[in-house]
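File shown: entry06.pdb (PDB, C-alpha atoms and all ligand atoms).
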ATOM      1  CA  MET A  19      60.206 106.032 101.159
ATOM      2  CA  ILE A  20      63.433 104.009 100.976
ATOM      3  CA  ALA A  21      63.387 100.384  99.755
ATOM      4  CA  ILE A  22      66.122  97.810 100.249
ATOM      5  CA  LEU A  23      65.871  95.209  97.521
ATOM      6  CA  GLY A  24      67.524  91.933  98.518
ATOM      7  CA  ALA A  25      67.702  92.337 102.290
ATOM      8  CA  GLY A  26      70.374  89.718 103.063
ATOM      9  CA  LYS A  27      73.427  90.312 105.278
ATOM     10  CA  MET A  28      74.395  93.665 103.779
ATOM     11  CA  GLY A  29      70.821  94.798 103.138
ATOM     12  CA  GLU A  30      69.842  94.023 106.736
ATOM     13  CA  ALA A  31      72.940  95.811 108.036
ATOM     14  CA  LEU A  32      71.936  98.917 106.056
ATOM     15  CA  LEU A  33      68.315  98.553 107.169
ATOM     16  CA  SER A  34      69.305  98.339 110.852
ATOM     17  CA  GLY A  35      71.584 101.366 110.397
ATOM     18  CA  LEU A  36      68.783 103.433 108.894
ATOM     19  CA  VAL A  37      66.490 102.446 111.774
ATOM     20  CA  ARG A  38      69.183 103.381 114.347
ATOM     21  CA  ALA A  39      69.715 106.664 112.513
ATOM     22  CA  GLY A  40      66.075 107.507 113.190
ATOM     23  CA  VAL A  41      64.467 106.838 109.815
ATOM     24  CA  PRO A  42      60.864 105.926 110.772
ATOM     25  CA  VAL A  43      60.282 102.267 109.952
ATOM     26  CA  GLY A  44      57.107 103.298 108.104
ATOM     27  CA  GLU A  45      59.427 105.023 105.603
ATOM     28  CA  LEU A  46      61.242 101.761 104.848
ATOM     29  CA  LEU A  47      60.427  98.793 102.633
ATOM     30  CA  ALA A  48      62.377  95.575 102.139
ATOM     31  CA  THR A  49      62.268  92.816  99.559
ATOM     32  CA  VAL A  50      63.501  89.244  99.966
ATOM     33  CA  ARG A  51      63.441  85.970  98.074
ATOM     34  CA  ARG A  52      62.357  83.635 100.871
ATOM     35  CA  PRO A  53      59.126  84.396 102.824
ATOM     36  CA  GLU A  54      60.657  83.163 106.140
ATOM     37  CA  ARG A  55      63.396  85.741 105.724
ATOM     38  CA  GLY A  56      60.763  88.452 105.241
ATOM     39  CA  GLU A  57      58.889  87.336 108.363
ATOM     40  CA  ALA A  58      62.106  87.462 110.405
ATOM     41  CA  LEU A  59      62.862  91.024 109.205
ATOM     42  CA  THR A  60      59.331  92.204 109.997
ATOM     43  CA  ARG A  61      59.524  90.590 113.444
ATOM     44  CA  GLN A  62      62.864  92.196 114.242
ATOM     45  CA  TYR A  63      62.497  95.686 112.738
ATOM     46  CA  GLY A  64      58.786  96.069 112.015
ATOM     47  CA  VAL A  65      59.689  96.734 108.378
ATOM     48  CA  ARG A  66      57.120  96.098 105.627
ATOM     49  CA  VAL A  67      58.230  93.417 103.201
ATOM     50  CA  VAL A  68      56.829  93.829  99.684
ATOM     51  CA  SER A  69      57.471  92.563  96.149
ATOM     52  CA  ASN A  70      60.263  94.042  94.073
ATOM     53  CA  ALA A  71      57.658  95.593  91.760
ATOM     54  CA  GLU A  72      55.847  97.298  94.639
ATOM     55  CA  ALA A  73      59.107  98.557  96.136
ATOM     56  CA  ALA A  74      60.165  99.944  92.755
ATOM     57  CA  LYS A  75      56.834 101.737  92.323
ATOM     58  CA  ARG A  76      56.556 103.193  95.827
ATOM     59  CA  ALA A  77      60.027 104.122  97.044
ATOM     60  CA  ASP A  78      61.829 107.358  96.109
ATOM     61  CA  THR A  79      65.181 105.689  96.756
ATOM     62  CA  LEU A  80      65.961 102.097  95.845
ATOM     63  CA  ILE A  81      68.953 100.401  97.469
ATOM     64  CA  LEU A  82      69.919  97.275  95.520
ATOM     65  CA  ALA A  83      71.679  94.769  97.789
ATOM     66  CA  VAL A  84      71.451  91.453  95.943
ATOM     67  CA  LYS A  85      74.550  89.476  94.965
ATOM     68  CA  PRO A  86      76.229  90.704  91.782
ATOM     69  CA  GLN A  87      75.194  87.457  90.049
ATOM     70  CA  ASP A  88      71.502  88.218  90.812
ATOM     71  CA  MET A  89      71.600  91.851  89.728
ATOM     72  CA  ALA A  90      70.628  91.427  86.038
ATOM     73  CA  THR A  91      67.512  89.407  86.969
ATOM     74  CA  LEU A  92      66.476  91.939  89.612
ATOM     75  CA  LEU A  93      67.001  94.914  87.274
ATOM     76  CA  ASP A  94      64.978  93.251  84.500
ATOM     77  CA  GLU A  95      62.202  92.580  87.008
ATOM     78  CA  ILE A  96      61.971  96.163  88.302
ATOM     79  CA  ALA A  97      62.748  98.053  85.055
ATOM     80  CA  PRO A  98      59.077  98.487  84.025
ATOM     81  CA  TYR A  99      58.260 100.128  87.385
ATOM     82  CA  VAL A 100      61.191 102.499  87.894
ATOM     83  CA  PRO A 101      60.255 105.968  86.676
ATOM     84  CA  ALA A 102      62.799 108.479  85.343
ATOM     85  CA  GLY A 103      64.522 110.422  88.099
ATOM     86  CA  ARG A 104      64.172 107.755  90.790
ATOM     87  CA  LEU A 105      67.441 107.445  92.754
ATOM     88  CA  VAL A 106      68.940 103.955  92.527
ATOM     89  CA  ILE A 107      71.817 103.072  94.859
ATOM     90  CA  SER A 108      73.637  99.869  93.967
ATOM     91  CA  ALA A 109      75.549  98.217  96.801
ATOM     92  CA  ALA A 110      76.839  95.238  94.808
ATOM     93  CA  ALA A 111      80.507  94.506  94.270
ATOM     94  CA  GLY A 112      81.669  94.868  90.687
ATOM     95  CA  ILE A 113      78.365  96.107  89.228
ATOM     96  CA  THR A 114      79.010  99.329  87.326
ATOM     97  CA  THR A 115      76.583 102.223  87.144
ATOM     98  CA  ALA A 116      76.560 101.652  83.342
ATOM     99  CA  PHE A 117      75.336  98.076  83.955
ATOM    100  CA  VAL A 118      72.400  99.427  85.970
ATOM    101  CA  GLU A 119      71.682 102.305  83.546
ATOM    102  CA  ALA A 120      71.676  99.911  80.583
ATOM    103  CA  ARG A 121      68.787  98.005  82.203
ATOM    104  CA  LEU A 122      66.821 100.797  83.923
ATOM    105  CA  GLY A 123      67.324 103.580  81.372
ATOM    106  CA  GLU A 124      69.792 106.439  81.153
ATOM    107  CA  ASP A 125      67.335 108.854  82.803
ATOM    108  CA  VAL A 126      67.612 106.957  86.109
ATOM    109  CA  PRO A 127      70.309 108.439  88.368
ATOM    110  CA  VAL A 128      72.515 105.686  89.761
ATOM    111  CA  VAL A 129      74.971 105.914  92.654
ATOM    112  CA  ARG A 130      77.335 103.007  93.244
ATOM    113  CA  VAL A 131      78.316 102.348  96.837
ATOM    114  CA  MET A 132      80.738  99.915  98.381
ATOM    115  CA  SER A 133      80.138  99.694 102.097
ATOM    116  CA  ASN A 134      81.280  97.073 104.603
ATOM    117  CA  THR A 135      79.817  95.036 107.456
ATOM    118  CA  PRO A 136      80.912  97.406 110.286
ATOM    119  CA  VAL A 137      77.765  99.267 109.193
ATOM    120  CA  LEU A 138      76.292  97.044 111.937
ATOM    121  CA  VAL A 139      78.131  99.090 114.575
ATOM    122  CA  ASP A 140      77.902 102.470 112.800
ATOM    123  CA  GLU A 141      81.570 102.217 111.749
ATOM    124  CA  ALA A 142      81.136 101.436 108.055
ATOM    125  CA  MET A 143      83.453 102.656 105.344
ATOM    126  CA  SER A 144      81.180 103.529 102.431
ATOM    127  CA  VAL A 145      82.778 104.562  99.160
ATOM    128  CA  ILE A 146      80.430 106.193  96.648
ATOM    129  CA  SER A 147      80.548 107.198  92.964
ATOM    130  CA  ALA A 148      78.006 108.832  90.680
ATOM    131  CA  GLY A 149      76.880 107.277  87.410
ATOM    132  CA  ALA A 150      76.429 109.284  84.209
ATOM    133  CA  GLY A 151      72.913 110.420  85.118
ATOM    134  CA  ALA A 152      73.600 111.217  88.782
ATOM    135  CA  GLY A 153      74.603 114.640  90.030
ATOM    136  CA  GLU A 154      75.626 116.392  93.223
ATOM    137  CA  GLU A 155      72.119 116.136  94.699
ATOM    138  CA  HIS A 156      72.091 112.356  94.265
ATOM    139  CA  LEU A 157      75.554 111.927  95.805
ATOM    140  CA  LYS A 158      74.405 114.142  98.675
ATOM    141  CA  LEU A 159      71.289 111.985  99.211
ATOM    142  CA  ALA A 160      73.416 108.822  99.269
ATOM    143  CA  GLU A 161      75.830 110.498 101.699
ATOM    144  CA  ASP A 162      72.977 111.544 103.993
ATOM    145  CA  LEU A 163      71.777 107.931 104.092
ATOM    146  CA  LEU A 164      75.214 106.461 104.777
ATOM    147  CA  GLN A 165      76.827 109.056 107.069
ATOM    148  CA  PRO A 166      74.895 108.005 110.209
ATOM    149  CA  VAL A 167      76.364 104.498 109.901
ATOM    150  CA  GLY A 168      80.004 105.409 109.367
ATOM    151  CA  LYS A 169      82.405 107.267 107.142
ATOM    152  CA  VAL A 170      81.629 108.144 103.514
ATOM    153  CA  LEU A 171      84.185 108.864 100.819
ATOM    154  CA  ARG A 172      83.569 109.917  97.218
ATOM    155  CA  VAL A 173      85.840 108.345  94.582
ATOM    156  CA  PRO A 174      85.779 108.205  90.782
ATOM    157  CA  GLU A 175      83.995 105.038  89.671
ATOM    158  CA  SER A 176      87.255 103.781  88.134
ATOM    159  CA  GLN A 177      88.492 103.257  91.725
ATOM    160  CA  GLN A 178      85.453 101.294  92.943
ATOM    161  CA  ASP A 179      86.936  97.840  92.306
ATOM    162  CA  ALA A 180      90.015  98.862  94.295
ATOM    163  CA  ALA A 181      87.813 100.202  97.113
ATOM    164  CA  THR A 182      85.874  96.933  97.104
ATOM    165  CA  ALA A 183      89.138  95.028  97.529
ATOM    166  CA  LEU A 184      90.451  97.339 100.278
ATOM    167  CA  SER A 185      87.534  98.377 102.465
ATOM    168  CA  GLY A 186      84.596  96.268 101.206
ATOM    169  CA  SER A 187      86.481  93.037 101.886
ATOM    170  CA  GLY A 188      88.801  94.723 104.417
ATOM    171  CA  PRO A 189      87.061  93.575 107.617
ATOM    172  CA  ALA A 190      87.516  89.939 106.510
ATOM    173  CA  TYR A 191      91.309  90.383 106.387
ATOM    174  CA  PHE A 192      91.328  91.659 109.966
ATOM    175  CA  PHE A 193      89.113  88.791 111.169
ATOM    176  CA  TYR A 194      91.483  86.393 109.395
ATOM    177  CA  LEU A 195      94.456  88.031 111.111
ATOM    178  CA  VAL A 196      92.714  87.713 114.482
ATOM    179  CA  GLU A 197      92.043  84.007 113.823
ATOM    180  CA  ALA A 198      95.708  83.462 112.984
ATOM    181  CA  MET A 199      96.928  85.355 116.054
ATOM    182  CA  VAL A 200      94.538  83.450 118.341
ATOM    183  CA  ASP A 201      95.917  80.198 116.877
ATOM    184  CA  ALA A 202      99.368  81.457 117.734
ATOM    185  CA  GLY A 203      98.191  82.036 121.322
ATOM    186  CA  ILE A 204      96.898  78.450 121.428
ATOM    187  CA  LEU A 205     100.265  77.243 120.132
ATOM    188  CA  LEU A 206     101.899  79.072 123.023
ATOM    189  CA  GLY A 207      99.562  77.320 125.483
ATOM    190  CA  MET A 208      97.170  80.227 126.136
ATOM    191  CA  PRO A 209      93.478  79.418 126.783
ATOM    192  CA  ARG A 210      91.418  80.276 123.663
ATOM    193  CA  ALA A 211      89.136  82.788 125.403
ATOM    194  CA  ALA A 212      92.056  84.671 126.922
ATOM    195  CA  ALA A 213      93.903  84.685 123.589
ATOM    196  CA  LEU A 214      90.833  86.059 121.811
ATOM    197  CA  ASP A 215      90.450  88.791 124.444
ATOM    198  CA  MET A 216      94.087  89.844 124.130
ATOM    199  CA  VAL A 217      94.042  89.920 120.357
ATOM    200  CA  THR A 218      90.672  91.666 120.114
ATOM    201  CA  GLN A 219      91.624  94.406 122.562
ATOM    202  CA  SER A 220      94.968  94.846 120.772
ATOM    203  CA  ILE A 221      93.300  95.295 117.378
ATOM    204  CA  VAL A 222      90.675  97.688 118.813
ATOM    205  CA  GLY A 223      93.349  99.733 120.595
ATOM    206  CA  ALA A 224      95.575  99.808 117.517
ATOM    207  CA  ALA A 225      92.651 100.823 115.269
ATOM    208  CA  ILE A 226      91.620 103.679 117.566
ATOM    209  CA  MET A 227      95.235 104.937 117.820
ATOM    210  CA  LEU A 228      95.526 104.827 114.054
ATOM    211  CA  ARG A 229      92.267 106.703 113.540
ATOM    212  CA  ASP A 230      92.595 109.257 116.327
ATOM    213  CA  SER A 231      96.321 110.035 116.591
ATOM    214  CA  GLY A 232      96.809 111.157 112.998
ATOM    215  CA  GLU A 233     100.191 109.370 113.120
ATOM    216  CA  HIS A 234     101.516 107.334 110.197
ATOM    217  CA  PRO A 235     101.260 103.547 110.838
ATOM    218  CA  VAL A 236     105.031 103.227 110.471
ATOM    219  CA  ILE A 237     105.571 105.625 113.392
ATOM    220  CA  LEU A 238     103.062 103.727 115.522
ATOM    221  CA  ARG A 239     104.726 100.391 114.716
ATOM    222  CA  GLU A 240     108.210 101.769 115.391
ATOM    223  CA  ALA A 241     107.027 102.889 118.837
ATOM    224  CA  VAL A 242     106.274  99.241 119.655
ATOM    225  CA  THR A 243     109.458  97.843 118.132
ATOM    226  CA  SER A 244     112.311  97.993 120.661
ATOM    227  CA  PRO A 245     115.896  97.438 119.450
ATOM    228  CA  GLY A 246     116.822  93.794 119.959
ATOM    229  CA  GLY A 247     113.349  93.161 121.392
ATOM    230  CA  THR A 248     110.387  90.869 120.844
ATOM    231  CA  THR A 249     108.480  92.792 118.162
ATOM    232  CA  ILE A 250     111.381  92.909 115.722
ATOM    233  CA  ALA A 251     111.838  89.157 116.188
ATOM    234  CA  ALA A 252     108.226  88.711 115.041
ATOM    235  CA  ILE A 253     108.496  91.262 112.207
ATOM    236  CA  ALA A 254     111.605  89.515 110.888
ATOM    237  CA  GLU A 255     109.543  86.302 110.577
ATOM    238  CA  LEU A 256     106.662  88.155 108.863
ATOM    239  CA  GLU A 257     109.156  89.589 106.358
ATOM    240  CA  ARG A 258     110.786  86.166 105.861
ATOM    241  CA  HIS A 259     107.325  84.783 104.975
ATOM    242  CA  SER A 260     106.619  87.688 102.593
ATOM    243  CA  VAL A 261     103.448  88.705 104.422
ATOM    244  CA  ARG A 262     103.564  92.210 102.931
ATOM    245  CA  ALA A 263     103.857  90.787  99.402
ATOM    246  CA  ALA A 264     101.002  88.391 100.192
ATOM    247  CA  PHE A 265      98.760  91.361 101.117
ATOM    248  CA  LEU A 266      99.654  93.176  97.905
ATOM    249  CA  ALA A 267      98.850  90.080  95.823
ATOM    250  CA  ALA A 268      95.693  89.266  97.786
ATOM    251  CA  ILE A 269      94.179  92.734  97.460
ATOM    252  CA  GLU A 270      95.114  92.858  93.783
ATOM    253  CA  ALA A 271      93.279  89.513  93.324
ATOM    254  CA  ALA A 272      90.202  90.926  95.088
ATOM    255  CA  ARG A 273      90.289  94.000  92.814
ATOM    256  CA  ASP A 274      90.515  91.752  89.733
ATOM    257  CA  ARG A 275      87.636  89.578  90.977
ATOM    258  CA  SER A 276      85.498  92.665  91.572
ATOM    259  CA  SER A 277      86.071  93.818  88.006
ATOM    260  CA  GLN A 278      84.920  90.394  86.708
ATOM    261  CA  LEU A 279      81.708  90.197  88.746
ATOM    262  CA  ALA A 280      79.430  92.107  86.394
ATOM    263  CA  ALA A 281      80.123  89.424  83.755
ATOM    264  CA  GLY A 282      78.537  86.839  86.106
TER     265      GLY A 282
HETATM  266  N1  LIG B 301      78.854  90.945 102.861
HETATM  267  C1  LIG B 301      79.675  91.979 102.736
HETATM  268  O1  LIG B 301      80.620  92.201 103.516
HETATM  269  C2  LIG B 301      79.485  92.974 101.645
HETATM  270  C3  LIG B 301      78.616  92.744 100.589
HETATM  271  N2  LIG B 301      78.481  93.677  99.602
HETATM  272  C4  LIG B 301      77.582  93.450  98.496
HETATM  273  O2  LIG B 301      76.263  93.374  99.008
HETATM  274  C5  LIG B 301      75.504  92.501  98.200
HETATM  275  C6  LIG B 301      74.819  91.472  99.077
HETATM  276  O3  LIG B 301      75.778  90.682  99.750
HETATM  277  P1  LIG B 301      75.385  89.857 101.047
HETATM  278  O4  LIG B 301      74.423  90.660 101.850
HETATM  279  O5  LIG B 301      76.644  89.386 101.642
HETATM  280  O6  LIG B 301      74.594  88.624 100.364
HETATM  281  P2  LIG B 301      73.304  87.862 100.859
HETATM  282  O7  LIG B 301      73.189  86.626 100.037
HETATM  283  O8  LIG B 301      73.300  87.754 102.350
HETATM  284  O9  LIG B 301      72.105  88.863 100.480
HETATM  285  C7  LIG B 301      71.483  88.938  99.242
HETATM  286  C8  LIG B 301      69.998  88.736  99.467
HETATM  287  O10 LIG B 301      69.289  89.038  98.277
HETATM  288  C9  LIG B 301      68.203  88.145  98.160
HETATM  289  N3  LIG B 301      67.773  88.143  96.764
HETATM  290  C10 LIG B 301      68.401  87.632  95.679
HETATM  291  N4  LIG B 301      67.702  87.869  94.562
HETATM  292  C11 LIG B 301      66.598  88.549  94.951
HETATM  293  C12 LIG B 301      65.492  89.068  94.245
HETATM  294  N5  LIG B 301      65.375  88.948  92.930
HETATM  295  N6  LIG B 301      64.563  89.734  94.952
HETATM  296  C13 LIG B 301      64.656  89.895  96.298
HETATM  297  N7  LIG B 301      65.694  89.405  97.027
HETATM  298  C14 LIG B 301      66.641  88.740  96.350
HETATM  299  C15 LIG B 301      68.764  86.827  98.633
HETATM  300  O11 LIG B 301      67.755  85.934  99.006
HETATM  301  C16 LIG B 301      69.630  87.295  99.822
HETATM  302  O12 LIG B 301      68.899  87.300 101.033
HETATM  303  C17 LIG B 301      76.442  91.858  97.201
HETATM  304  O13 LIG B 301      76.230  92.455  95.954
HETATM  305  C18 LIG B 301      77.821  92.162  97.734
HETATM  306  O14 LIG B 301      78.738  92.348  96.679
HETATM  307  C19 LIG B 301      79.138  94.855  99.657
HETATM  308  C20 LIG B 301      79.984  95.130 100.655
HETATM  309  C21 LIG B 301      80.271  94.212 101.724
HETATM  310  O1  LIG B 302      83.189  89.104  99.005
HETATM  311  C1  LIG B 302      82.436  89.850  98.341
HETATM  312  O2  LIG B 302      82.275  89.653  97.126
HETATM  313  C2  LIG B 302      81.705  90.981  99.016
HETATM  314  C3  LIG B 302      82.054  92.301  98.400
HETATM  315  C4  LIG B 302      82.887  93.029  99.408
HETATM  316  C5  LIG B 302      82.795  92.208 100.599
HETATM  317  N1  LIG B 302      82.115  91.122 100.399
END

Using the file provided, produce a representation of the structure as structure tokens.
Ligand SMILES: NC(=O)C1=CN([C@@H]2O[C@H](COP(=O)(O)OP(=O)(O)OC[C@H]3O[C@@H](n4cnc5c(N)ncnc54)[C@H](O)[C@@H]3O)[C@@H](O)[C@H]2O)C=CC1
Ligand SMILES: O=C(O)[C@@H]1CCC=N1
Amino acid sequence: MIAILGAGKMGEALLSGLVRAGVPVGELLATVRRPERGEALTRQYGVRVVSNAEAAKRADTLILAVKPQDMATLLDEIAPYVPAGRLVISAAAGITTAFVEARLGEDVPVVRVMSNTPVLVDEAMSVISAGAGAGEEHLKLAEDLLQPVGKVLRVPESQQDAATALSGSGPAYFFYLVEAMVDAGILLGMPRAAALDMVTQSIVGAAIMLRDSGEHPVILREAVTSPGGTTIAAIAELERHSVRAAFLAAIEAARDRSSQLAAG
């Protein structure tokens, strides 16, 4: 039995992925704060919604998907019901495995995962790390759960805040870029729907080339950039506005914010 505690946006995305991956819905439990939310999840997926205490008692694997700020309260609530050896997977940004172990006991194996919303289309990037009490078998269990919904990478826990900043938040940067490019299309007099189509297909095509060609992004960009042409005119403006430096600073800020989240 697998329980998702705090089935909000990320929890529901993971839940839907597990269902698509063929986990029988009878093997899944969810917990929520608002009853209407629970009813909606049961209606859509047929999942049983239970209390945190019941989920902690019954499930072999607990996936914690509440906001970092709500994690201490949730852990204190379930601590009396989580027996030694139960696998706990924390999906919250910034929450360390030590934070979870300190509240559930050192004999509870904890795996920290940072996934992202493309889990909804089975294209997640999930980055996992083992806590002090978790071993190969626990990492393998977490991998087996996450592999059907995307790619899984193991990293040392010291790199989790960086992974959160890069791939956890990553989809938001691309959506932001798409918004900005569509605005540019509007500025040039393009209808919004057509602009969105052009930008979306360009980002999908570029992403697939990047993933499937094995080529370095610089090579792919150079192939688009003709001498004296249009692309270099645009790149010159991006450089003039320090867009590369802005990305470095932005992702560094996200990493720093992730490392502060456990403090509330
Ligand atoms: N949204 C995203 O792109 C990503 C989010 N995350 C992480 O996933 C976690 C959840 O984020 P979201 O899904 O965006 O937030 P959310 O607010 O949509 O989901 C959290 C859910 O937990 C519920 N909740 C809070 N306390 C509870 C309790 N004691 N018992 C039962 N349910 C409780 C809330 O009612 C809410 O529905 C966060 O820790 C975040 O850092 C990680 C990667 C990506
Ligand atoms: O913005 C956040 O804090 C969460 C973590 C990674 C993506 N969304």

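Put simply, the PyMOL selection byres (((chain A and resi 275) around 12) and not hetatm) on this file hits Pro86, Ala111, Gly112, Ile113, Asp179, Ala180, Thr182, Ala183, Ser187, Ala268, Ile269, Glu270, Ala271, Ala272, Arg273, Asp274, Ser276, Ser277, Gln278, Leu279, Ala280, Ala281 and Gly282 of chain A.
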
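Comparing the minimum interatomic distances between Ala73 in chain A and each of A:Glu240, A:Glu45, A:Glu175, A:Glu124, counting all atoms listed in the file, we find that A:Glu45 sits nearest.
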
Kindly compute an axis-aligned box around the listed atoms of ligand LIG 301 (chain B), allowing 5 Å on each side, and express its centre and edge lengths in Å to one decimal as JSON.
{"center_x": 72.6, "center_y": 90.5, "center_z": 98.2, "size_x": 26.1, "size_y": 19.2, "size_z": 20.6}

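With only C-alpha atoms and all ligand atoms as the atoms that count, the residue of A:Val131, A:Leu171, A:Leu206, A:Asp125 with the shortest distance to ligand LIG 302 (chain B) is A:Val131.
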
Hey, which residues come within 6 Å of ligand LIG 301 (chain B) if we count all atoms listed in the file? Could you give them as JSON, numbers by chain? {"A": [23, 24, 25, 26, 27, 28, 29, 49, 50, 51, 83, 84, 85, 86, 88, 92, 109, 110, 111, 132, 133, 134, 135, 186]}

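Comparing A:Met89, A:Ala251, A:Leu184, A:Ala224 by their smallest distance to ligand LIG 302 (chain B), the closest is A:Leu184 (using all atoms listed in the file).
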
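Straight-line separation from CA of Val106 in chain A to CA of Ile146 in chain A: 12.4 Å.
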